[in-house]
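Structure file work-v4.cif (mmCIF, C-alpha atoms) follows.
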data_entry
#
loop_
_atom_site.group_PDB
_atom_site.id
_atom_site.type_symbol
_atom_site.label_atom_id
_atom_site.label_comp_id
_atom_site.auth_asym_id
_atom_site.auth_seq_id
_atom_site.Cartn_x
_atom_site.Cartn_y
_atom_site.Cartn_z
ATOM 1 C CA MET O 1 -28.874 37.328 38.273
ATOM 2 C CA GLU O 2 -31.957 35.132 38.091
ATOM 3 C CA ARG O 3 -32.710 33.071 41.154
ATOM 4 C CA ILE O 4 -35.380 30.608 42.139
ATOM 5 C CA PRO O 5 -37.299 32.000 45.123
ATOM 6 C CA ILE O 6 -37.113 30.139 48.434
ATOM 7 C CA LEU O 7 -39.987 30.610 50.849
ATOM 8 C CA ARG O 8 -39.756 30.096 54.584
ATOM 9 C CA MET O 9 -42.622 28.763 56.676
ATOM 10 C CA GLY O 10 -41.392 28.418 60.241
ATOM 11 C CA LYS O 11 -38.671 25.789 60.172
ATOM 12 C CA LEU O 12 -39.542 24.720 56.646
ATOM 13 C CA LEU O 13 -38.068 25.976 53.396
ATOM 14 C CA LEU O 14 -40.246 25.620 50.320
ATOM 15 C CA VAL O 15 -39.023 25.788 46.752
ATOM 16 C CA THR O 16 -41.203 25.455 43.691
ATOM 17 C CA ILE O 17 -39.195 24.968 40.512
ATOM 18 C CA GLN O 18 -41.297 26.318 37.682
ATOM 19 C CA VAL O 19 -38.703 26.991 35.050
ATOM 20 C CA ASP O 20 -36.603 24.703 32.933
ATOM 21 C CA MET O 21 -33.343 25.389 34.781
ATOM 22 C CA HIS O 22 -30.037 25.714 33.025
ATOM 23 C CA ASP O 23 -27.140 24.124 34.856
ATOM 24 C CA ARG O 24 -25.844 27.325 36.464
ATOM 25 C CA LEU O 25 -29.269 28.147 37.830
ATOM 26 C CA ALA O 26 -29.544 24.671 39.340
ATOM 27 C CA LEU O 27 -26.189 25.095 41.053
ATOM 28 C CA THR O 28 -27.216 28.514 42.337
ATOM 29 C CA LEU O 29 -30.353 26.973 43.817
ATOM 30 C CA GLN O 30 -28.295 24.281 45.510
ATOM 31 C CA ASP O 31 -26.042 26.917 47.062
ATOM 32 C CA ASP O 32 -28.927 29.189 48.027
ATOM 33 C CA LEU O 33 -30.815 26.372 49.729
ATOM 34 C CA THR O 34 -27.762 25.308 51.695
ATOM 35 C CA SER O 35 -27.121 28.886 52.830
ATOM 36 C CA ARG O 36 -30.751 29.389 53.827
ATOM 37 C CA ILE O 37 -30.848 26.179 55.863
ATOM 38 C CA VAL O 38 -28.048 27.553 57.967
ATOM 39 C CA LYS O 39 -29.275 31.135 58.046
ATOM 40 C CA ASP O 40 -32.877 30.263 58.957
ATOM 41 C CA GLY O 41 -32.126 27.223 61.092
ATOM 42 C CA ALA O 42 -34.417 25.243 58.837
ATOM 43 C CA ARG O 43 -35.199 21.631 59.748
ATOM 44 C CA GLY O 44 -37.093 20.731 56.597
ATOM 45 C CA VAL O 45 -36.787 21.437 52.894
ATOM 46 C CA LEU O 46 -39.592 20.827 50.458
ATOM 47 C CA ILE O 47 -38.759 20.853 46.756
ATOM 48 C CA ASP O 48 -41.765 20.949 44.469
ATOM 49 C CA ILE O 49 -40.892 19.637 41.012
ATOM 50 C CA SER O 50 -44.452 19.180 39.766
ATOM 51 C CA SER O 51 -43.797 21.641 36.936
ATOM 52 C CA LEU O 52 -40.708 19.860 35.666
ATOM 53 C CA ASP O 53 -41.333 17.619 32.682
ATOM 54 C CA VAL O 54 -37.641 16.801 32.388
ATOM 55 C CA VAL O 55 -35.201 15.864 35.134
ATOM 56 C CA ASP O 56 -31.848 14.805 33.726
ATOM 57 C CA SER O 57 -28.808 13.504 35.585
ATOM 58 C CA PHE O 58 -27.507 16.990 36.340
ATOM 59 C CA ILE O 59 -30.729 18.196 37.927
ATOM 60 C CA GLY O 60 -31.102 14.831 39.616
ATOM 61 C CA ARG O 61 -27.643 15.178 41.061
ATOM 62 C CA MET O 62 -28.462 18.689 42.246
ATOM 63 C CA ILE O 63 -31.488 17.341 44.092
ATOM 64 C CA GLY O 64 -29.468 14.485 45.580
ATOM 65 C CA ASN O 65 -26.657 16.811 46.646
ATOM 66 C CA THR O 66 -29.099 19.276 48.176
ATOM 67 C CA ALA O 67 -30.684 16.521 50.238
ATOM 68 C CA ALA O 68 -27.281 15.259 51.368
ATOM 69 C CA MET O 69 -26.103 18.737 52.340
ATOM 70 C CA ALA O 70 -29.372 19.359 54.157
ATOM 71 C CA ARG O 71 -28.948 16.145 56.118
ATOM 72 C CA VAL O 72 -25.447 17.145 57.171
ATOM 73 C CA LEU O 73 -27.051 20.362 58.434
ATOM 74 C CA ASP O 74 -29.723 18.404 60.340
ATOM 75 C CA ALA O 75 -32.540 19.114 57.916
ATOM 76 C CA GLU O 76 -34.717 16.655 56.018
ATOM 77 C CA THR O 77 -35.573 17.054 52.344
ATOM 78 C CA VAL O 78 -38.729 15.900 50.628
ATOM 79 C CA VAL O 79 -39.197 16.126 46.874
ATOM 80 C CA VAL O 80 -42.817 16.387 45.804
ATOM 81 C CA GLY O 81 -44.842 16.211 42.637
ATOM 82 C CA MET O 82 -42.538 14.142 40.476
ATOM 83 C CA GLN O 83 -44.291 13.529 37.146
ATOM 84 C CA PRO O 84 -44.678 9.821 36.248
ATOM 85 C CA SER O 85 -42.718 10.082 33.001
ATOM 86 C CA VAL O 86 -39.921 11.788 34.912
ATOM 87 C CA ALA O 87 -39.876 8.970 37.474
ATOM 88 C CA ILE O 88 -39.751 6.326 34.756
ATOM 89 C CA THR O 89 -36.952 8.149 32.960
ATOM 90 C CA LEU O 90 -34.872 8.626 36.109
ATOM 91 C CA VAL O 91 -35.015 4.914 36.883
ATOM 92 C CA GLU O 92 -33.948 4.052 33.356
ATOM 93 C CA LEU O 93 -31.157 6.612 33.561
ATOM 94 C CA GLY O 94 -29.916 4.789 36.620
ATOM 95 C CA LEU O 95 -30.508 7.680 39.004
ATOM 96 C CA THR O 96 -31.915 6.158 42.147
ATOM 97 C CA LEU O 97 -32.091 9.303 44.268
ATOM 98 C CA SER O 98 -31.746 7.036 47.291
ATOM 99 C CA GLY O 99 -31.693 9.101 50.423
ATOM 100 C CA VAL O 100 -34.212 11.551 48.971
ATOM 101 C CA ARG O 101 -37.711 11.169 50.328
ATOM 102 C CA THR O 102 -40.617 11.847 48.025
ATOM 103 C CA ALA O 103 -44.302 12.648 48.352
ATOM 104 C CA LEU O 104 -47.122 13.192 45.913
ATOM 105 C CA ASP O 105 -47.737 16.846 46.651
ATOM 106 C CA VAL O 106 -46.798 19.726 48.938
ATOM 107 C CA GLU O 107 -49.497 18.862 51.477
ATOM 108 C CA LYS O 108 -48.396 15.253 51.798
ATOM 109 C CA GLY O 109 -44.763 16.353 51.859
ATOM 110 C CA MET O 110 -45.415 18.652 54.782
ATOM 111 C CA ALA O 111 -47.371 15.916 56.554
ATOM 112 C CA LEU O 112 -44.403 13.607 56.093
ATOM 113 C CA LEU O 113 -42.025 16.121 57.636
ATOM 114 C CA ALA O 114 -44.453 16.855 60.488
ATOM 115 C CA ARG O 115 -44.935 13.154 61.206
ATOM 116 C CA ASN O 116 -41.214 12.765 61.745
ATOM 117 C CA GLY O 117 -41.188 15.730 64.080
ATOM 118 C CA THR O 118 -39.018 17.679 61.698
ATOM 119 C CA VAL O 119 -41.226 20.763 61.346
ATOM 120 C CA MET J 1 -12.384 5.944 14.077
ATOM 121 C CA THR J 2 -14.171 3.532 16.354
ATOM 122 C CA ILE J 3 -17.789 2.703 15.576
ATOM 123 C CA PHE J 4 -20.204 1.050 18.004
ATOM 124 C CA ASN J 5 -23.767 -0.106 17.451
ATOM 125 C CA SER J 6 -23.853 1.408 14.003
ATOM 126 C CA THR J 7 -27.254 1.227 12.336
ATOM 127 C CA ALA J 8 -28.285 2.004 8.814
ATOM 128 C CA ALA J 9 -29.283 5.624 8.606
ATOM 129 C CA PRO J 10 -33.046 6.185 8.590
ATOM 130 C CA THR J 11 -34.471 8.239 5.749
ATOM 131 C CA SER J 12 -34.794 11.898 6.587
ATOM 132 C CA THR J 13 -38.087 13.427 5.512
ATOM 133 C CA SER J 14 -36.873 17.011 5.590
ATOM 134 C CA PRO J 15 -33.660 18.997 5.860
ATOM 135 C CA PRO J 16 -32.252 18.961 9.386
ATOM 136 C CA ASP J 17 -32.543 21.730 11.914
ATOM 137 C CA THR J 18 -29.210 22.624 13.440
ATOM 138 C CA LEU J 19 -28.847 24.133 16.881
ATOM 139 C CA PRO J 20 -25.603 25.293 18.488
ATOM 140 C CA ILE J 21 -24.549 23.897 21.852
ATOM 141 C CA ARG J 22 -22.235 26.530 23.268
ATOM 142 C CA SER J 23 -23.875 27.540 26.542
ATOM 143 C CA ASP J 24 -26.081 26.380 29.402
ATOM 144 C CA GLU J 25 -29.020 28.301 28.014
ATOM 145 C CA GLN J 26 -28.691 26.589 24.644
ATOM 146 C CA ILE J 27 -29.058 23.214 26.341
ATOM 147 C CA VAL J 28 -32.371 24.419 27.766
ATOM 148 C CA ARG J 29 -33.365 25.700 24.347
ATOM 149 C CA LEU J 30 -32.511 22.324 22.841
ATOM 150 C CA ARG J 31 -34.685 20.492 25.389
ATOM 151 C CA GLN J 32 -37.636 22.673 24.458
ATOM 152 C CA PHE J 33 -36.953 22.249 20.760
ATOM 153 C CA VAL J 34 -36.702 18.465 20.990
ATOM 154 C CA ARG J 35 -39.894 18.343 23.037
ATOM 155 C CA GLU J 36 -41.729 20.283 20.305
ATOM 156 C CA LYS J 37 -40.411 17.995 17.580
ATOM 157 C CA ALA J 38 -41.204 14.866 19.580
ATOM 158 C CA VAL J 39 -44.763 16.044 20.124
ATOM 159 C CA ALA J 40 -45.086 16.853 16.421
ATOM 160 C CA GLN J 41 -43.877 13.364 15.475
ATOM 161 C CA GLY J 42 -46.528 11.859 17.723
ATOM 162 C CA LEU J 43 -44.288 10.309 20.368
ATOM 163 C CA SER J 44 -46.005 9.345 23.616
ATOM 164 C CA LEU J 45 -45.409 11.515 26.684
ATOM 165 C CA ILE J 46 -43.059 8.961 28.195
ATOM 166 C CA ASP J 47 -41.098 8.573 24.968
ATOM 167 C CA GLN J 48 -40.909 12.357 24.605
ATOM 168 C CA THR J 49 -39.515 12.669 28.114
ATOM 169 C CA LYS J 50 -36.985 9.887 27.627
ATOM 170 C CA PHE J 51 -35.781 11.366 24.362
ATOM 171 C CA VAL J 52 -35.569 14.935 25.674
ATOM 172 C CA THR J 53 -33.656 13.669 28.702
ATOM 173 C CA ALA J 54 -31.228 11.737 26.484
ATOM 174 C CA ALA J 55 -30.764 14.865 24.370
ATOM 175 C CA SER J 56 -30.036 16.890 27.482
ATOM 176 C CA GLU J 57 -27.376 14.423 28.619
ATOM 177 C CA LEU J 58 -25.654 14.346 25.240
ATOM 178 C CA ALA J 59 -25.870 18.107 24.822
ATOM 179 C CA ARG J 60 -24.167 18.556 28.165
ATOM 180 C CA ASN J 61 -21.413 16.166 27.108
ATOM 181 C CA THR J 62 -20.967 18.116 23.882
ATOM 182 C CA LEU J 63 -20.645 21.343 25.837
ATOM 183 C CA ILE J 64 -18.529 20.214 28.750
ATOM 184 C CA TYR J 65 -16.303 17.533 27.245
ATOM 185 C CA GLY J 66 -16.480 18.483 23.582
ATOM 186 C CA GLY J 67 -15.888 22.162 24.132
ATOM 187 C CA GLY J 68 -19.130 23.017 22.408
ATOM 188 C CA GLY J 69 -20.628 21.781 19.177
ATOM 189 C CA ASP J 70 -23.837 21.426 17.215
ATOM 190 C CA VAL J 71 -26.855 19.185 17.174
ATOM 191 C CA HIS J 72 -28.698 18.283 13.985
ATOM 192 C CA CYS J 73 -32.327 17.257 14.280
ATOM 193 C CA TYR J 74 -33.880 15.050 11.596
ATOM 194 C CA LEU J 75 -37.496 14.002 11.156
ATOM 195 C CA VAL J 76 -37.090 10.461 9.921
ATOM 196 C CA GLU J 77 -39.038 7.567 8.574
ATOM 197 C CA ARG J 78 -38.377 3.882 8.131
ATOM 198 C CA ASN J 79 -40.842 1.266 6.907
ATOM 199 C CA GLY J 80 -43.739 3.605 7.485
ATOM 200 C CA ARG J 81 -42.715 4.470 11.031
ATOM 201 C CA ARG J 82 -42.014 8.057 11.972
ATOM 202 C CA GLY J 83 -39.236 9.037 14.285
ATOM 203 C CA LEU J 84 -36.770 11.633 15.392
ATOM 204 C CA THR J 85 -32.991 11.538 15.082
ATOM 205 C CA LEU J 86 -30.509 13.820 16.779
ATOM 206 C CA GLU J 87 -26.836 14.020 15.880
ATOM 207 C CA PHE J 88 -24.458 15.604 18.371
ATOM 208 C CA VAL J 89 -21.185 16.711 16.796
ATOM 209 C CA ASP J 90 -18.159 18.305 18.371
ATOM 210 C CA ASN J 91 -14.509 18.832 17.454
ATOM 211 C CA GLY J 92 -13.285 18.256 20.967
ATOM 212 C CA PRO J 93 -10.616 15.915 22.276
ATOM 213 C CA GLY J 94 -12.595 12.755 21.514
ATOM 214 C CA ILE J 95 -13.179 9.710 23.707
ATOM 215 C CA PRO J 96 -10.197 7.373 24.150
ATOM 216 C CA ASP J 97 -12.165 4.386 25.471
ATOM 217 C CA ILE J 98 -15.783 4.331 24.349
ATOM 218 C CA GLN J 99 -16.737 1.143 26.190
ATOM 219 C CA ARG J 100 -15.488 2.593 29.444
ATOM 220 C CA ALA J 101 -17.279 5.870 28.743
ATOM 221 C CA LEU J 102 -20.508 3.953 28.217
ATOM 222 C CA SER J 103 -20.287 2.166 31.562
ATOM 223 C CA ASP J 104 -22.393 3.601 34.369
ATOM 224 C CA GLY J 105 -20.509 5.549 36.951
ATOM 225 C CA PHE J 106 -17.555 6.343 34.746
ATOM 226 C CA THR J 107 -16.899 10.034 34.465
ATOM 227 C CA SER J 108 -13.823 11.942 33.417
ATOM 228 C CA GLY J 109 -15.360 15.019 34.978
ATOM 229 C CA SER J 110 -17.384 15.612 38.104
ATOM 230 C CA GLY J 111 -20.672 14.160 36.914
ATOM 231 C CA LEU J 112 -22.484 10.976 37.839
ATOM 232 C CA GLY J 113 -21.238 9.111 34.787
ATOM 233 C CA LEU J 114 -24.754 8.168 33.714
ATOM 234 C CA GLY J 115 -25.141 10.434 30.702
ATOM 235 C CA LEU J 116 -23.760 8.387 27.835
ATOM 236 C CA GLY J 117 -24.994 4.971 28.924
ATOM 237 C CA GLY J 118 -28.222 6.530 30.120
ATOM 238 C CA ALA J 119 -28.851 8.180 26.762
ATOM 239 C CA LYS J 120 -28.265 4.802 25.104
ATOM 240 C CA ARG J 121 -30.815 3.126 27.378
ATOM 241 C CA LEU J 122 -33.405 5.830 26.850
ATOM 242 C CA CYS J 123 -33.353 5.698 23.054
ATOM 243 C CA ASP J 124 -34.271 3.101 20.438
ATOM 244 C CA GLU J 125 -31.077 3.564 18.442
ATOM 245 C CA PHE J 126 -27.712 4.846 19.555
ATOM 246 C CA ASP J 127 -24.559 5.306 17.525
ATOM 247 C CA ILE J 128 -21.272 6.783 18.670
ATOM 248 C CA ARG J 129 -18.103 7.549 16.772
ATOM 249 C CA SER J 130 -15.156 9.079 18.533
ATOM 250 C CA ALA J 131 -11.401 8.842 18.831
ATOM 251 C CA PRO J 132 -8.720 11.000 20.435
ATOM 252 C CA GLY J 133 -8.090 14.035 18.257
ATOM 253 C CA GLU J 134 -11.072 13.317 16.023
ATOM 254 C CA GLY J 135 -13.958 14.825 17.934
ATOM 255 C CA THR J 136 -17.155 13.019 18.827
ATOM 256 C CA HIS J 137 -20.307 12.182 16.900
ATOM 257 C CA VAL J 138 -23.303 10.717 18.724
ATOM 258 C CA SER J 139 -26.582 9.870 17.062
ATOM 259 C CA ILE J 140 -29.814 8.877 18.802
ATOM 260 C CA THR J 141 -33.189 7.914 17.384
ATOM 261 C CA LYS J 142 -36.613 7.373 18.886
ATOM 262 C CA TRP J 143 -39.438 5.826 16.909
ATOM 263 C CA LYS J 144 -43.153 6.284 17.238
ATOM 264 C CA PRO J 145 -44.696 2.830 17.669
ATOM 265 C CA PHE J 146 -47.388 1.870 15.198
#
Will you turn the file into structure tokens for me?
Amino acid sequence: MERIPILRMGKLLLVTIQVDMHDRLALTLQDDLTSRIVKDGARGVLIDISSLDVVDSFIGRMIGNTAAMARVLDAETVVVGMQPSVAITLVELGLTLSGVRTALDVEKGMALLARNGTV
Amino acid sequence: MTIFNSTAAPTSTSPPDTLPIRSDEQIVRLRQFVREKAVAQGLSLIDQTKFVTAASELARNTLIYGGGGDVHCYLVERNGRRGLTLEFVDNGPGIPDIQRALSDGFTSGSGLGLGLGGAKRLCDEFDIRSAPGEGTHVSITKWKPF
């Protein structure tokens, strides 16, 4: 079954979403990330969505759920690389993604997590 | 049949393309297809993204609540403006209360309840016809500005 790879760097998990995910794949990613946070004792999760030119309410919900589950497991999530047209569309959709921190790119996302002492 | 926000049909400049919506993968395929058509019609990047996102929301509704269906894609024109129209059709159970379905946060499933109202906000024109036992027909249009 196809899966989106999750990389570990110390206490950080890094995911780069480079495919247009169908719903099942998004759910699989959500489950995989949650399992890996526990298995690896991860404190930070970085989700790179710079390749996504569409984020609809299902994917948005997946991201929001992942961040919420991570928080329950004492890990912080940062979403990086959101394309401007995606950001505009999400706001108009009514998806606030409150509780999900964002950064411009992977480097800034990691700096954000490091600044908070997470990783 | 209950009709909301009905608009006069734009003129189609070619026969429609019809894509099935019966699986997750077909929703992805539809997103890619709509993106291609939107680019071809000259929509801006932001308008492309809004329209593709609206299509994704409605396609998911067709699949999950409508039990699967089809989407017809029309290249359209009105008063010299070019645009794109998508019609989502299913023979599912239909929507008992359209106004409620359009309100943000309402979901009869496990979603966020933003899909129908969200699609309406993201598009220039939105038309929905549905009633219990009569399936659902949703039409959205996005125009290229002059």
From (-11.7, 17.2, 19.4), in the file's coordinates, out to 9 Å: which residues are reached, counting only C-alpha atoms? Answer as a PDB file with C-alpha atoms, in the frame of the given file.
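New file out_3.pdb:
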ATOM      1  CA  GLY J  66     -16.480  18.483  23.582  1.00  0.00           C
ATOM      2  CA  GLY J  67     -15.888  22.162  24.132  1.00  0.00           C
ATOM      3  CA  ASP J  90     -18.159  18.305  18.371  1.00  0.00           C
ATOM      4  CA  ASN J  91     -14.509  18.832  17.454  1.00  0.00           C
ATOM      5  CA  GLY J  92     -13.285  18.256  20.967  1.00  0.00           C
ATOM      6  CA  PRO J  93     -10.616  15.915  22.276  1.00  0.00           C
ATOM      7  CA  GLY J  94     -12.595  12.755  21.514  1.00  0.00           C
ATOM      8  CA  ILE J  95     -13.179   9.710  23.707  1.00  0.00           C
ATOM      9  CA  SER J 130     -15.156   9.079  18.533  1.00  0.00           C
ATOM     10  CA  ALA J 131     -11.401   8.842  18.831  1.00  0.00           C
ATOM     11  CA  PRO J 132      -8.720  11.000  20.435  1.00  0.00           C
ATOM     12  CA  GLY J 133      -8.090  14.035  18.257  1.00  0.00           C
ATOM     13  CA  GLU J 134     -11.072  13.317  16.023  1.00  0.00           C
ATOM     14  CA  GLY J 135     -13.958  14.825  17.934  1.00  0.00           C
ATOM     15  CA  THR J 136     -17.155  13.019  18.827  1.00  0.00           C
TER      16      THR J 136
END
Residue nearest chain O among J:Glu125, J:Glu77, J:Glu57, J:Glu36 (counting all atoms listed in the file):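 Distance minimum relative to chain O lands on J:Glu57.
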Residue hits in chain J, query chain O, radius 10 Å, all atoms listed in the file, as a PyMOL selection string: chain J and resi 23-29+31-32+35+44-57+60+104-105+111-122
Would you export the selected residues with C-alpha atoms as a CSV table (one decimal), keeping the file's coordinate frame, please?
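What follows is the written file part38.csv:
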chain,number,residue,atom,x,y,z
J,23,SER,CA,-23.9,27.5,26.5
J,24,ASP,CA,-26.1,26.4,29.4
J,25,GLU,CA,-29.0,28.3,28.0
J,26,GLN,CA,-28.7,26.6,24.6
J,27,ILE,CA,-29.1,23.2,26.3
J,28,VAL,CA,-32.4,24.4,27.8
J,29,ARG,CA,-33.4,25.7,24.3
J,31,ARG,CA,-34.7,20.5,25.4
J,32,GLN,CA,-37.6,22.7,24.5
J,35,ARG,CA,-39.9,18.3,23.0
J,44,SER,CA,-46.0,9.3,23.6
J,45,LEU,CA,-45.4,11.5,26.7
J,46,ILE,CA,-43.1,9.0,28.2
J,47,ASP,CA,-41.1,8.6,25.0
J,48,GLN,CA,-40.9,12.4,24.6
J,49,THR,CA,-39.5,12.7,28.1
J,50,LYS,CA,-37.0,9.9,27.6
J,51,PHE,CA,-35.8,11.4,24.4
J,52,VAL,CA,-35.6,14.9,25.7
J,53,THR,CA,-33.7,13.7,28.7
J,54,ALA,CA,-31.2,11.7,26.5
J,55,ALA,CA,-30.8,14.9,24.4
J,56,SER,CA,-30.0,16.9,27.5
J,57,GLU,CA,-27.4,14.4,28.6
J,60,ARG,CA,-24.2,18.6,28.2
J,104,ASP,CA,-22.4,3.6,34.4
J,105,GLY,CA,-20.5,5.5,37.0
J,111,GLY,CA,-20.7,14.2,36.9
J,112,LEU,CA,-22.5,11.0,37.8
J,113,GLY,CA,-21.2,9.1,34.8
J,114,LEU,CA,-24.8,8.2,33.7
J,115,GLY,CA,-25.1,10.4,30.7
J,116,LEU,CA,-23.8,8.4,27.8
J,117,GLY,CA,-25.0,5.0,28.9
J,118,GLY,CA,-28.2,6.5,30.1
J,119,ALA,CA,-28.9,8.2,26.8
J,120,LYS,CA,-28.3,4.8,25.1
J,121,ARG,CA,-30.8,3.1,27.4
J,122,LEU,CA,-33.4,5.8,26.8
Atom pair CA of Gln30 in chain O / CA of Val78 in chain O: separation (Å):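 According to the coordinates, CA of Gln30 in chain O and CA of Val78 in chain O are separated by 14.3 Å.
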Shell of 9 Å around Met82 in chain O, only C-alpha atoms, local chain residues under 5 positions omitted, as a PyMOL selection string: chain O and resi 48-53+87+102-105
Separation of CA of Lys142 in chain J from CA of Leu84 in chain J in Å: 5.5 Å
Which residues, written as a short mmCIF file (atom, residue, chain, number, x, y, z; two decimals) with C-alpha atoms, keeping the file's coordinate frame, have at least one atom at most 10 Å from Asp32 in chain O, with all atoms listed in the file counted and residues fewer than 3 positions away on the same chain left out?
data_model
loop_
_atom_site.label_atom_id
_atom_site.label_comp_id
_atom_site.auth_asym_id
_atom_site.auth_seq_id
_atom_site.Cartn_x
_atom_site.Cartn_y
_atom_site.Cartn_z
CA ARG O 3 -32.71 33.07 41.15
CA ILE O 4 -35.38 30.61 42.14
CA PRO O 5 -37.30 32.00 45.12
CA ILE O 6 -37.11 30.14 48.43
CA ALA O 26 -29.54 24.67 39.34
CA LEU O 27 -26.19 25.10 41.05
CA THR O 28 -27.22 28.51 42.34
CA LEU O 29 -30.35 26.97 43.82
CA SER O 35 -27.12 28.89 52.83
CA ARG O 36 -30.75 29.39 53.83
CA ILE O 37 -30.85 26.18 55.86
CA THR O 66 -29.10 19.28 48.18
#
Result set of the PyMOL selection byres ((chain J and resi 42) around 10) on the coordinates above, as a list in words: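 Selected by the PyMOL selection byres ((chain J and resi 42) around 10) in this file: Lys37, Ala38, Val39, Ala40, Gln41, Leu43, Ser44, Leu45, Asp47, Gln48, Arg82, Gly83, Trp143, Lys144 and Pro145 of chain J.
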Best match for closeness to Val15 in chain O among O:Met110, O:Val38, O:Leu97, O:Ile47, counting only C-alpha atoms: O:Ile47
Computed interatomic separation between CA of Ile140 in chain J and CA of Arg22 in chain J (Å):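 Taking CA of Ile140 in chain J as the start and CA of Arg22 in chain J as the end point, the length is 19.7 Å.
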Residue contacts of Leu19 in chain J (8 Å, all atoms listed in the file) excluding same-chain residues fewer than 5 positions away, as an MDAnalysis selection string: chainID J and resid 30 70:72
